[in-house]
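Participant: Just dropping this structure here.
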Amino acid sequence: MASVKLMNFSPTGEKFAHSGPDGILRIWNTISGILEHEYQPSEHLTATTTCVRYSPQKKEKKKAAVKSLEASEGNLLAMGTLAGNILIYSPEKREIVATLDHAPPHAVLDITWHTTERLYSLAANNTLVEWDVTSGEKIVSVEVNGGGAICALTKKLFCVTSRSIEVIALLRKSGTVNLKNSYTGHTSLVTQLLPLLVKDAPTRYVISSSQEDRFIYAWDLLSENEEPAGSFMVKDIIGTVAVSALQEGAVTLSATTRTGTLVLFTQHLNGNSQRKVVKSMGKLRVVSEVNGKQTVIPVVSSFFCNDVSSSIIIAYGHSSILKFERMSISDLSGDKEIIRSDPSATAARKPTALAKIVTPLMTKDTFIKGPGYVDVEPTSKVKRKHGDPDGIAALPMEERLNALAIDKTKTGDATQPPKADNVAHLLLQGLHSKDQRILQSVIDHGDKDTIDNTVRRLPTPAIVPLLKHLQLVIRGKGHKSVG
């Protein structure tokens, strides 16, 4: 089961972002179901993504104002990494627009947004940092008691949790925090904290879940009781959790499980005075049926639209191949099972223009260029006879005699190991991502032939960025190791 922090719906539910184990960030359009684009940060080799969070919806201002750079970018994505960095990604520009260093090499555990300009990050060294995303500056850094998840209640109040849950006030002038309240929490590390939003009202309830727990808890922030105001029993290992907006004291909650089932709850938190365990109101299983045999297609995440029709969006499928479906919450009461085609099986059967393999005609003088322009010995078109694994019997008599010669000295390219004679691909990657480590490793090459072959194979658009970078190096603002 994928980490719950590596997938996130946009504030409107129109987009869905997921960072896979291969380091690729994938963004889907949930309305059309199309995978809009994929992005692999150049840092993915050294910094595995730990969490992904969309920025909140921008509030429309009454007075007309000049549109800023952020206003034209739409919702941004913040990606925390194991290396302690936060990558701010713009889906509109399809590039990293900022990199924030929290506390390298301590991993970033969780991220939360309060506004489109304010971002808060929690790291493994138990520090909470407030960021100005527009300028990329660190506003304040404070120490907290452990950490696993975080959510912003107001500009000053936050919920921070490892196992127990603490409500803290951020004191920016002194760089400290003030503990407001604490709750018992879970027996294992909390992975999700979700505030129950109420229009034009402060947040009163917070939902918490743990991947090693079978209960979801609701906490009353106005109560002095350390026990939960509501307990929801899932009866399975919990995956992702989603909550609807709080309306008249009632909340609808959904949870995915390890077995791929979606479980729904509805409860009036004010009316649960006896704090009884709430049982599910409905369950949904998505299955595919092939030759009379049913296979479960796991539901990986869900999103409440909070619209007039009270609909929910579910995401189901495997790894990087997902499908999305919107349905009414009222249709999910009781145990439901819907039959759908498996997204991964559909993608495998879908014919494409790339499915046909064309083998080019080659002569004996043909050279094959592999990745990095490595010279590869061409495969002979001479068919081998049965019982002749070396293919000697199919050769002409002269070549057969040469093959049997004991004192023959093997020379030439055919007997030499493949050798990469240039680093053009690596240089292009460094220029595109502006990764100083990659550029330094390329410039540090001292072999004249490698340098000549690399420059000769560069495309014309890459010449100007290369010259600009070399200009910085010559002026003394580049790599320290360059003589």
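Identifiers in the structure tokens: chain A, B, ... in order shown; residue index from 1 per chain; ligand index from 1 in order shown.
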Could you name the residues that touch segment 451-463 of chain A at 9 Å or less, counting only C-alpha atoms, but leaving out those on the same chain fewer than 6 positions away, as JSON, numbers by chain?
Facilitator: {"A": [421, 422, 423, 424, 425, 427, 428, 431, 432, 443, 445]}
Participant: Looking only at the backbone, which of the residues in segment 150-350 of chain A does DSSP tag as alpha helix (DSSP H), as a list in words?
Facilitator: Pro343, Ser344, Ala345, Thr346, Ala347, Ala348 and Arg349 of chain A
Participant: Nearest to Lys235 of chain A among A:Asn291, A:Ser174, A:Ser42, A:Thr261, with distances taken over only C-alpha atoms: which residue is it?
Facilitator: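 Of the candidates, the smallest distance to Lys235 of chain A is held by A:Thr261.
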Participant: From the options A:Thr184, A:Gln471, A:Ser254, A:Thr49, which residue's atoms come nearest to Ile313 of chain A, counting only C-alpha atoms?
Facilitator: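 Smallest separation from Ile313 of chain A among the options: A:Ser254.
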Participant: Would you work out the distance separating atom CA of Val167 of chain A from atom CA of Tyr120 of chain A, expressed in Å to one decimal?
Facilitator: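 Taking atom CA of Val167 of chain A and atom CA of Tyr120 of chain A, their separation equals 14.9 Å.
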